[in-house]
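S.K.: My structure file entry-v8.tsv, TSV, C-alpha atoms, is below:
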```tsv
chain	number	residue	atom	x	y	z
A	1	MET	CA	-30.63	-1.68	-26.34
A	2	ALA	CA	-27.78	0.78	-26.89
A	3	GLY	CA	-24.47	-0.11	-25.35
A	4	THR	CA	-21.58	-2.55	-25.56
A	5	THR	CA	-21.60	-6.33	-25.12
A	6	THR	CA	-18.41	-8.38	-25.14
A	7	ALA	CA	-18.53	-10.64	-28.19
A	8	MET	CA	-16.59	-11.85	-31.17
A	9	CYS	CA	-18.18	-10.20	-34.19
A	10	SER	CA	-20.13	-12.73	-36.23
A	11	SER	CA	-18.84	-11.17	-39.45
A	12	PHE	CA	-15.28	-11.80	-38.20
A	13	LYS	CA	-15.87	-15.54	-38.47
A	14	THR	CA	-16.87	-15.40	-42.14
A	15	ASP	CA	-14.14	-12.85	-42.82
A	16	LEU	CA	-11.54	-15.27	-41.46
A	17	ALA	CA	-12.86	-17.94	-43.83
A	18	CYS	CA	-12.28	-15.53	-46.74
A	19	GLY	CA	-8.73	-14.61	-45.73
A	20	ILE	CA	-9.65	-11.07	-44.67
A	21	HIS	CA	-7.29	-10.97	-41.68
A	22	CYS	CA	-3.63	-11.77	-41.11
A	23	PHE	CA	-2.63	-11.84	-37.46
A	24	GLY	CA	0.87	-13.10	-38.24
A	25	ALA	CA	3.68	-11.78	-36.07
A	26	THR	CA	6.54	-9.93	-37.71
A	27	VAL	CA	9.24	-12.26	-39.05
A	28	THR	CA	12.65	-11.35	-40.42
A	29	PRO	CA	14.25	-14.03	-42.58
A	30	THR	CA	16.96	-13.25	-45.08
A	31	GLY	CA	16.13	-13.10	-48.78
A	32	THR	CA	17.59	-11.91	-52.06
A	33	PRO	CA	15.83	-9.12	-53.95
A	34	THR	CA	16.85	-8.45	-57.55
A	35	ASN	CA	16.61	-5.03	-59.15
A	36	ALA	CA	13.43	-4.58	-61.23
A	37	SER	CA	12.26	-8.09	-60.32
A	38	PHE	CA	9.13	-8.91	-58.32
A	39	ALA	CA	10.63	-12.18	-57.10
A	40	LEU	CA	12.22	-12.39	-53.66
A	41	THR	CA	14.40	-15.47	-53.75
A	42	SER	CA	16.54	-17.59	-51.46
A	43	LEU	CA	14.38	-16.99	-48.42
A	44	SER	CA	16.00	-18.53	-45.34
A	45	ALA	CA	12.58	-19.58	-44.02
A	46	LEU	CA	8.95	-19.48	-45.07
A	47	THR	CA	7.63	-19.91	-41.52
A	48	GLY	CA	5.25	-17.14	-40.56
A	49	ILE	CA	4.95	-15.72	-44.07
A	50	PHE	CA	1.43	-15.38	-45.50
A	51	LEU	CA	-0.22	-13.89	-48.56
A	52	GLY	CA	-0.83	-10.15	-48.27
A	53	MET	CA	1.78	-9.49	-45.59
A	54	ALA	CA	3.67	-6.24	-45.92
A	55	VAL	CA	7.26	-6.71	-47.08
A	56	SER	CA	10.04	-4.25	-46.28
A	57	GLY	CA	13.78	-4.10	-46.63
A	58	GLY	CA	16.59	-1.97	-47.96
A	59	SER	CA	15.81	-2.68	-51.62
A	60	ILE	CA	12.06	-3.13	-51.33
A	61	PRO	CA	9.77	-0.19	-52.11
A	62	ALA	CA	7.24	1.04	-49.57
A	63	GLY	CA	3.83	-0.57	-49.84
A	64	ALA	CA	5.04	-3.91	-51.21
A	65	VAL	CA	3.07	-6.97	-50.08
A	66	VAL	CA	3.35	-10.70	-50.68
A	67	ALA	CA	1.46	-11.33	-53.93
A	68	SER	CA	2.12	-15.06	-54.15
A	69	ILE	CA	4.05	-17.78	-52.39
A	70	ASP	CA	5.92	-19.64	-55.07
A	71	SER	CA	7.99	-22.19	-53.18
A	72	ALA	CA	9.67	-22.85	-49.83
A	73	THR	CA	12.30	-20.25	-50.69
A	74	GLN	CA	10.55	-17.72	-52.92
A	75	VAL	CA	7.69	-15.24	-52.82
A	76	THR	CA	6.52	-12.76	-55.44
A	77	MET	CA	6.01	-9.20	-54.25
A	78	SER	CA	3.46	-6.69	-55.50
A	79	LYS	CA	6.24	-4.20	-56.30
A	80	ALA	CA	9.62	-4.76	-57.92
A	81	ALA	CA	12.82	-4.47	-55.92
A	82	THR	CA	14.92	-1.33	-56.42
A	83	GLY	CA	18.33	-2.91	-56.02
A	84	SER	CA	20.37	-6.12	-56.01
A	85	PRO	CA	22.12	-6.09	-52.64
A	86	GLY	CA	22.50	-9.86	-52.38
A	87	SER	CA	21.11	-11.60	-49.32
A	88	GLU	CA	19.65	-9.18	-46.81
A	89	THR	CA	17.21	-9.20	-43.91
A	90	VAL	CA	13.64	-8.78	-45.09
A	91	THR	CA	10.74	-7.95	-42.78
A	92	PHE	CA	7.29	-9.47	-43.20
A	93	THR	CA	4.54	-7.84	-41.16
A	94	GLY	CA	0.97	-8.90	-40.51
A	95	ASP	CA	-2.06	-6.62	-40.61
A	96	VAL	CA	-2.31	-3.60	-38.33
A	97	PHE	CA	-5.16	-3.87	-35.86
A	98	LYS	CA	-6.47	-1.07	-33.73
A	99	ILE	CA	-8.72	-0.71	-30.72
A	100	ALA	CA	-11.15	2.19	-30.86
A	101	LEU	CA	-12.89	3.23	-27.66
A	102	VAL	CA	-16.63	3.64	-27.16
A	103	LYS	CA	-17.87	6.76	-25.40
A	104	VAL	CA	-20.09	6.86	-22.33
A	105	SER	CA	-23.80	6.37	-23.09
A	106	PRO	CA	-23.39	5.47	-26.76
A	107	THR	CA	-26.41	5.66	-29.01
A	108	GLY	CA	-25.46	2.56	-30.99
A	109	THR	CA	-25.42	-1.11	-30.00
A	110	TYR	CA	-22.08	-2.93	-30.27
A	111	GLY	CA	-21.49	-6.64	-29.97
A	112	ALA	CA	-21.75	-9.73	-32.15
A	113	ALA	CA	-23.61	-7.83	-34.87
A	114	THR	CA	-20.92	-5.18	-35.23
A	115	THR	CA	-19.19	-5.44	-38.59
A	116	SER	CA	-16.86	-2.48	-38.88
A	117	TYR	CA	-15.20	0.43	-37.10
A	118	ALA	CA	-17.50	2.53	-39.28
A	119	ASN	CA	-20.45	1.36	-37.14
A	120	LEU	CA	-18.90	3.33	-34.27
A	121	THR	CA	-18.24	6.51	-36.21
A	122	GLY	CA	-21.60	6.31	-37.97
A	123	ASN	CA	-23.26	6.78	-34.60
A	124	SER	CA	-20.70	9.36	-33.42
A	125	ASP	CA	-19.99	6.99	-30.55
A	126	GLU	CA	-16.21	7.11	-30.55
A	127	VAL	CA	-14.48	8.64	-27.55
A	128	SER	CA	-13.01	12.09	-27.92
A	129	GLY	CA	-10.75	13.83	-25.45
A	130	THR	CA	-7.21	14.89	-24.67
A	131	GLY	CA	-4.73	12.19	-25.53
A	132	TYR	CA	-7.13	10.16	-27.64
A	133	THR	CA	-6.60	10.11	-31.40
A	134	ALA	CA	-9.63	9.30	-33.51
A	135	THR	CA	-9.54	5.76	-34.99
A	136	GLY	CA	-8.00	4.45	-31.77
A	137	GLN	CA	-4.67	2.93	-30.91
A	138	ALA	CA	-2.62	0.52	-33.00
A	139	LEU	CA	-2.15	-2.79	-31.18
A	140	ALA	CA	1.59	-3.36	-31.13
A	141	ASN	CA	3.29	-6.65	-31.96
A	142	ASN	CA	0.88	-9.22	-33.33
A	143	GLN	CA	1.35	-12.66	-31.76
A	144	THR	CA	0.94	-15.51	-34.20
A	145	PRO	CA	-2.06	-17.60	-33.07
A	146	ALA	CA	-1.23	-20.56	-30.84
A	147	LEU	CA	-3.06	-23.85	-30.40
A	148	THR	CA	-3.94	-25.74	-27.23
A	149	GLY	CA	-6.00	-28.83	-27.87
A	150	THR	CA	-8.53	-27.75	-30.47
A	151	THR	CA	-8.61	-24.06	-29.49
A	152	ALA	CA	-6.67	-21.42	-31.39
A	153	TYR	CA	-6.02	-18.23	-29.44
A	154	TRP	CA	-4.11	-15.00	-29.82
A	155	GLN	CA	-3.75	-11.39	-28.73
A	156	TRP	CA	-0.94	-8.83	-28.69
A	157	SER	CA	2.34	-8.63	-26.81
A	158	VAL	CA	1.93	-5.03	-25.64
A	159	ASN	CA	-1.15	-3.74	-23.81
A	160	PRO	CA	-2.55	-0.51	-25.33
A	161	SER	CA	-2.14	2.65	-23.28
A	162	TRP	CA	-3.06	6.31	-23.50
A	163	THR	CA	-0.85	8.74	-21.59
A	164	SER	CA	-1.43	12.36	-20.54
A	165	SER	CA	-5.07	11.71	-21.33
A	166	THR	CA	-8.45	12.91	-20.16
A	167	PHE	CA	-11.49	11.00	-21.33
A	168	SER	CA	-14.07	8.39	-20.32
A	169	THR	CA	-14.93	5.15	-22.06
A	170	THR	CA	-17.19	2.13	-21.60
A	171	GLY	CA	-15.80	-0.32	-24.15
A	172	GLY	CA	-13.66	-0.98	-27.19
A	173	ILE	CA	-13.79	-2.42	-30.68
A	174	ILE	CA	-10.82	-4.20	-32.23
A	175	TYR	CA	-10.71	-3.87	-35.98
A	176	ASN	CA	-8.39	-4.35	-38.94
A	177	THR	CA	-6.99	-1.28	-40.66
A	178	ASN	CA	-5.86	-3.34	-43.65
A	179	ARG	CA	-8.49	-3.79	-46.32
A	180	ARG	CA	-8.63	-7.18	-48.03
A	181	GLY	CA	-12.29	-7.28	-49.05
A	182	PRO	CA	-15.54	-5.37	-49.47
A	183	THR	CA	-15.58	-3.95	-45.92
A	184	ALA	CA	-13.12	-1.25	-44.97
A	185	THR	CA	-12.02	-1.51	-41.33
A	186	PRO	CA	-13.68	-4.88	-40.61
A	187	SER	CA	-14.24	-5.49	-36.91
A	188	CYS	CA	-12.97	-8.49	-34.95
A	189	ALA	CA	-14.49	-8.24	-31.49
A	190	VAL	CA	-16.19	-5.89	-29.07
A	191	TYR	CA	-15.34	-5.55	-25.38
A	192	ASP	CA	-17.47	-4.14	-22.58
A	193	PHE	CA	-15.28	-2.63	-19.84
A	194	GLY	CA	-17.89	-3.32	-17.17
A	195	GLY	CA	-18.60	0.32	-16.40
A	196	THR	CA	-17.23	3.77	-17.15
A	197	GLN	CA	-13.44	4.00	-17.10
A	198	SER	CA	-12.28	7.59	-16.67
A	199	VAL	CA	-8.80	9.04	-16.67
A	200	SER	CA	-7.83	12.63	-15.89
A	201	ALA	CA	-4.51	14.00	-17.18
A	202	GLY	CA	-3.14	10.53	-16.68
A	203	THR	CA	-2.59	7.06	-18.06
A	204	LEU	CA	-5.16	4.48	-19.06
A	205	THR	CA	-3.82	1.00	-19.83
A	206	LEU	CA	-6.10	-1.77	-21.03
A	207	ILE	CA	-4.81	-5.05	-19.61
A	208	GLN	CA	-5.34	-8.03	-21.86
A	209	PRO	CA	-6.33	-11.27	-20.12
A	210	THR	CA	-3.94	-14.17	-19.62
A	211	ASN	CA	-2.92	-15.43	-23.04
A	212	ASP	CA	-4.25	-18.98	-22.96
A	213	SER	CA	-6.96	-21.04	-24.62
A	214	SER	CA	-9.53	-20.13	-21.94
A	215	ASN	CA	-8.98	-16.41	-21.62
A	216	ALA	CA	-7.18	-14.81	-24.59
A	217	LEU	CA	-8.90	-11.88	-26.30
A	218	LEU	CA	-9.52	-13.86	-29.47
A	219	ARG	CA	-10.24	-17.59	-29.33
A	220	ILE	CA	-11.70	-20.10	-31.75
A	221	ALA	CA	-12.63	-23.44	-30.27
B	1	MET	CA	-5.32	0.26	-14.98
B	2	LYS	CA	-5.84	3.98	-14.52
B	3	THR	CA	-3.67	6.64	-12.96
B	4	ASP	CA	-4.74	10.25	-12.91
B	5	GLY	CA	-2.10	12.92	-13.13
B	6	GLY	CA	0.77	10.77	-14.43
B	7	THR	CA	1.94	7.27	-15.19
B	8	HIS	CA	1.39	4.11	-13.18
B	9	SER	CA	3.53	3.55	-10.10
B	10	VAL	CA	5.81	0.51	-9.80
B	11	GLU	CA	3.39	-0.80	-7.16
B	12	ASP	CA	0.54	-0.52	-9.69
B	13	TRP	CA	2.57	-2.46	-12.25
B	14	ALA	CA	3.58	-5.07	-9.70
B	15	MET	CA	-0.02	-5.63	-8.54
B	16	VAL	CA	-1.39	-5.98	-12.07
B	17	THR	CA	1.45	-8.27	-13.18
B	18	ALA	CA	0.88	-10.39	-10.07
B	19	SER	CA	-2.84	-10.62	-10.84
B	20	GLN	CA	-2.00	-11.97	-14.30
B	21	ILE	CA	0.37	-14.58	-12.90
B	22	MET	CA	-1.64	-15.57	-9.83
B	23	PRO	CA	-5.28	-14.75	-10.67
B	24	LEU	CA	-7.85	-15.19	-7.90
B	25	ASP	CA	-10.30	-17.65	-9.39
B	26	SER	CA	-13.94	-17.04	-8.44
B	27	SER	CA	-14.19	-20.67	-7.27
B	28	LEU	CA	-11.71	-20.06	-4.46
B	29	SER	CA	-13.09	-19.63	-0.97
B	30	GLY	CA	-12.17	-19.82	2.68
B	31	GLY	CA	-8.63	-20.84	3.54
B	32	ARG	CA	-7.62	-21.51	-0.04
B	33	LEU	CA	-8.72	-18.02	-1.12
B	34	LEU	CA	-6.73	-16.55	1.74
B	35	ALA	CA	-3.65	-18.50	0.68
B	36	ALA	CA	-4.10	-17.40	-2.93
B	37	GLN	CA	-4.43	-13.76	-1.90
B	38	GLU	CA	-1.29	-14.04	0.20
B	39	LEU	CA	0.62	-15.56	-2.73
B	40	GLN	CA	-0.61	-12.92	-5.14
B	41	LEU	CA	0.57	-10.26	-2.69
B	42	ALA	CA	3.91	-12.02	-2.24
B	43	VAL	CA	4.37	-12.13	-6.02
B	44	ALA	CA	3.51	-8.43	-6.26
B	45	LYS	CA	6.03	-7.55	-3.55
B	46	ALA	CA	8.68	-9.61	-5.33
B	47	LEU	CA	7.92	-7.78	-8.56
B	48	ILE	CA	8.18	-4.24	-7.18
B	49	PRO	CA	11.99	-4.07	-7.36
B	50	ARG	CA	11.93	-5.67	-10.83
B	51	HIS	CA	9.50	-3.08	-12.13
B	52	GLN	CA	11.52	-0.36	-10.35
B	53	LYS	CA	14.68	-1.51	-12.12
B	54	HIS	CA	12.81	-1.60	-15.42
B	55	ARG	CA	11.51	1.92	-14.89
B	56	GLU	CA	14.98	3.22	-14.02
B	57	PHE	CA	16.37	1.65	-17.20
B	58	GLU	CA	13.74	3.44	-19.26
B	59	HIS	CA	14.20	6.78	-17.51
B	60	ARG	CA	17.99	6.63	-17.94
B	61	GLY	CA	17.62	5.79	-21.61
B	62	LEU	CA	15.02	8.46	-22.28
B	63	ALA	CA	17.10	11.08	-20.46
B	64	ALA	CA	20.09	10.13	-22.64
B	65	GLY	CA	18.30	11.05	-25.83
B	66	ASP	CA	16.13	10.22	-28.81
B	67	ASP	CA	18.13	7.12	-29.77
B	68	HIS	CA	16.60	5.24	-26.84
B	69	TYR	CA	13.51	4.84	-29.00
B	70	ASP	CA	15.61	2.47	-31.17
B	71	THR	CA	16.02	0.13	-28.18
B	72	PRO	CA	13.51	-2.71	-28.43
B	73	ILE	CA	10.84	-2.68	-25.72
B	74	ALA	CA	11.24	-6.43	-25.40
B	75	VAL	CA	12.72	-7.59	-22.10
B	76	PRO	CA	16.16	-9.24	-22.28
B	77	ASP	CA	16.08	-12.99	-21.63
B	78	ASP	CA	18.32	-12.82	-18.54
B	79	SER	CA	16.09	-10.22	-16.93
B	80	LEU	CA	13.07	-12.34	-17.75
B	81	ALA	CA	14.68	-15.43	-16.21
B	82	LYS	CA	15.51	-13.53	-13.01
B	83	THR	CA	11.94	-12.30	-12.73
B	84	VAL	CA	10.49	-15.78	-13.21
B	85	ALA	CA	12.92	-17.02	-10.54
B	86	VAL	CA	11.67	-14.53	-7.93
B	87	ILE	CA	8.10	-15.55	-8.67
B	88	VAL	CA	8.90	-19.26	-8.31
B	89	ASP	CA	10.66	-18.40	-5.06
B	90	ALA	CA	7.60	-16.51	-3.77
B	91	ALA	CA	5.53	-19.66	-4.32
B	92	ARG	CA	7.76	-21.90	-2.18
B	93	GLY	CA	5.95	-23.30	0.82
B	94	THR	CA	2.52	-22.48	-0.63
B	95	PRO	CA	-0.06	-24.88	-2.12
B	96	TRP	CA	1.10	-23.68	-5.54
B	97	GLU	CA	4.79	-24.46	-5.14
B	98	SER	CA	4.73	-27.50	-7.45
B	99	HIS	CA	2.54	-25.64	-9.95
B	100	PHE	CA	5.12	-22.89	-10.43
B	101	LEU	CA	7.94	-25.45	-10.74
B	102	LYS	CA	6.41	-26.90	-13.93
B	103	PRO	CA	8.30	-25.84	-17.10
B	104	ASP	CA	5.13	-25.05	-19.05
B	105	VAL	CA	3.82	-22.88	-16.21
B	106	GLN	CA	7.13	-21.04	-16.01
B	107	GLU	CA	6.93	-20.48	-19.75
B	108	ALA	CA	3.45	-19.01	-19.37
B	109	VAL	CA	4.63	-16.85	-16.46
B	110	ALA	CA	7.56	-15.62	-18.54
B	111	HIS	CA	5.17	-14.68	-21.32
B	112	GLU	CA	2.92	-12.65	-19.00
B	113	VAL	CA	5.94	-10.91	-17.45
B	114	LYS	CA	7.26	-10.13	-20.92
B	115	VAL	CA	3.98	-8.50	-21.92
B	116	MET	CA	3.71	-6.44	-18.75
B	117	PHE	CA	7.32	-5.25	-18.86
B	118	ALA	CA	6.97	-4.36	-22.55
B	119	THR	CA	3.82	-2.43	-21.70
B	120	HIS	CA	5.66	-0.65	-18.86
B	121	SER	CA	8.35	0.45	-21.33
B	122	ASP	CA	5.72	1.44	-23.85
B	123	VAL	CA	3.93	3.66	-21.35
B	124	GLU	CA	7.12	5.38	-20.18
B	125	ARG	CA	8.11	6.11	-23.77
B	126	GLN	CA	4.68	7.40	-24.73
B	127	HIS	CA	4.52	9.55	-21.62
B	128	HIS	CA	7.94	11.03	-22.37
B	129	VAL	CA	6.39	12.42	-25.55
B	130	THR	CA	2.94	13.38	-24.33
B	131	SER	CA	4.27	15.15	-21.23
B	132	GLY	CA	6.42	17.36	-23.42
B	133	LYS	CA	9.78	16.04	-22.22
B	134	THR	CA	10.93	15.36	-25.76
B	135	ASP	CA	10.26	16.50	-29.28
B	136	GLY	CA	12.77	14.18	-30.91
B	137	PRO	CA	11.89	12.71	-34.29
B	138	LYS	CA	12.22	9.10	-33.12
B	139	ALA	CA	10.09	9.82	-30.08
B	140	ARG	CA	7.40	11.42	-32.22
B	141	ALA	CA	7.56	8.53	-34.67
B	142	PHE	CA	7.17	6.03	-31.80
B	143	HIS	CA	4.13	7.84	-30.47
B	144	ALA	CA	2.68	8.17	-33.96
B	145	SER	CA	3.06	4.41	-34.46
B	146	ARG	CA	0.75	3.85	-31.52
B	147	HIS	CA	-1.70	6.62	-32.38
B	148	PRO	CA	-1.74	6.92	-36.17
B	149	ALA	CA	-4.40	9.23	-37.51
```
With the file now loaded, output its structure as structure tokens.
M.R.:
Amino acid sequence: MAGTTTAMCSSFKTDLACGIHCFGATVTPTGTPTNASFALTSLSALTGIFLGMAVSGGSIPAGAVVASIDSATQVTMSKAATGSPGSETVTFTGDVFKIALVKVSPTGTYGAATTSYANLTGNSDEVSGTGYTATGQALANNQTPALTGTTAYWQWSVNPSWTSSTFSTTGGIIYNTNRRGPTATPSCAVYDFGGTQSVSAGTLTLIQPTNDSSNALLRIA
Amino acid sequence: MKTDGGTHSVEDWAMVTASQIMPLDSSLSGGRLLAAQELQLAVAKALIPRHQKHREFEHRGLAAGDDHYDTPIAVPDDSLAKTVAVIVDAARGTPWESHFLKPDVQEAVAHEVKVMFATHSDVERQHHVTSGKTDGPKARAFHASRHPA
């Protein structure tokens, strides 16, 4: 039956096992780039740094990512540094996730079987309206997953909002904009808003649940 | 949370933040539900001036110019501590007084407050752009970071 059902996408579980997603929060240790070298040395900390994370800094070219983790104080980047400034602050950023909104009375069915943002666009089921940009809103500030007992849980530290907007929606799909495998825009989870949510020339804010092991948006027991 | 014709009021923010901190569990009933509702309302009332102050900070900064978009939306630790303190105070004399005195609960409360205040800032900054009050490059870049094509 067409519509939206709150569920973690089944494909998300296998994608996690293949390293498709990095929910790491942004970290900013110091490190030493060397001109024309791919190695970033003398890192002050490796905590929170994972393969594939975007790397940025004064002497690091745009688009560089962590290609390998060589030791507790060194990573190799995918692009060579453009200068030798000595020790400087380097920023490591996790994947960019978005939430795309589902229109009222969608023709498609979204839930555990959803695999990609493309499922939404393939059915022309994404919201359109003033203040809504196609592909949805970027979820700001990843929070590195936490653990309580045997349950890992995580969400984001800013709730998504649309201002000066006019549209109606019945649900949302969180997906990854970074591509690390065969599926572009792999989905994470689908959320049913429990009815039509409409805003007129105003502000719609989606409030994430309490961030704990029983309620967080994404949880693995 | 929806507001037609503008952004959310400080009362809206206070009520939603309070509902995150003192949710009304579906298992509550009778006198205990009444007490929980009263505490949630007390927390909301305590949060109104905090959200008002937060809003004024954003409005002052945005009125000053584009550079305000360089200011992190994260809430300063002292402001966070004060907000947690007013919530703990609101719980005094209620069945949840000892609950809100626990360090791990206060940490969780601080986290929820942090998220809601950051969201409040985020909304004010987005609205400053979408309502046409600014066309500054940093403002446009901020909005584009939330709504990339």
S.K.: Mind giving me the straight-line distance from atom CA of B:His147 to atom CA of A:Met77 in Å, one decimal?
M.R.: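 So the answer is 28.1 Å.
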S.K.: Chain A near chain B within 10 Å: what's each residue's closest atom pair and its distance in Å to one decimal, counting only C-alpha atoms, ordered by chain then ascending residue number, as a tab-separated table?
M.R.:
```
residue	atom	partner	partner_atom	distance
A:Lys98	CA	B:Arg146	CA	9.0
A:Gly131	CA	B:Thr130	CA	7.9
A:Tyr132	CA	B:His147	CA	8.0
A:Thr133	CA	B:His147	CA	6.1
A:Ala134	CA	B:Ala149	CA	6.6
A:Thr135	CA	B:Ala149	CA	6.7
A:Gly136	CA	B:His147	CA	6.7
A:Gln137	CA	B:His147	CA	5.0
A:Ala138	CA	B:Arg146	CA	5.0
A:Leu139	CA	B:Arg146	CA	7.3
A:Ala140	CA	B:Arg146	CA	7.3
A:Trp156	CA	B:Val115	CA	8.4
A:Ser157	CA	B:Val115	CA	5.2
A:Val158	CA	B:Thr119	CA	5.1
A:Asn159	CA	B:Thr119	CA	5.6
A:Pro160	CA	B:Thr119	CA	7.6
A:Ser161	CA	B:Val123	CA	6.4
A:Trp162	CA	B:Val123	CA	7.8
A:Thr163	CA	B:His127	CA	5.4
A:Ser164	CA	B:Thr130	CA	5.9
A:Ser165	CA	B:Asp4	CA	8.6
A:Thr166	CA	B:Asp4	CA	8.6
A:Gln197	CA	B:Lys2	CA	8.0
A:Ser198	CA	B:Lys2	CA	7.7
A:Val199	CA	B:Asp4	CA	5.7
A:Ser200	CA	B:Asp4	CA	4.9
A:Ala201	CA	B:Gly5	CA	4.8
A:Gly202	CA	B:Asp4	CA	4.1
A:Thr203	CA	B:Thr3	CA	5.2
A:Leu204	CA	B:Lys2	CA	4.6
A:Thr205	CA	B:Met1	CA	5.1
A:Leu206	CA	B:Met1	CA	6.4
A:Ile207	CA	B:Met1	CA	7.1
A:Gln208	CA	B:Gln20	CA	9.2
A:Pro209	CA	B:Gln20	CA	7.3
A:Thr210	CA	B:Gln20	CA	6.1
A:Asn211	CA	B:Glu112	CA	7.6
A:Asp212	CA	B:Ala108	CA	8.5
```
S.K.: Taking 6 positions as the minimum chain separation for residues in the same chain, which residues sit within 8 Å of stretch 83-94 of chain A when counting only C-alpha atoms? Answer as a ChimeraX atom specification.
M.R.: /A:22-36,42,49,53-60,142
S.K.: Can you pull out the residues contacting stretch 81-92 of chain B? Cut-off 7 Å, using all atoms listed in the file, and skip same-chain residues under 6 positions away; I want them as an NGL selection string.
M.R.: :B and (39 or 42-43 or 46 or 50 or 100-101 or 106 or 109-110)
S.K.: Give me the residues within 9 Å of stretch 111-126 of chain A as a ChimeraX atom specification, counting only C-alpha atoms and dropping any in the same chain fewer than 6 places off.
M.R.: /A:3-12,100-105,134-136,169,173-176,183-192
S.K.: Between atom CA of A:Phe97 and atom CA of A:Ala2, measure the distance and give it in Å to one decimal.
M.R.: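 Taking atom CA of A:Phe97 and atom CA of A:Ala2, their separation equals 24.8 Å.
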S.K.: Just to confirm, what's the straight-line distance from atom CA of B:Glu38 to atom CA of B:Asp25 in Å (one decimal)?
M.R.: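 Separation between atom CA of B:Glu38 and atom CA of B:Asp25: 13.6 Å.
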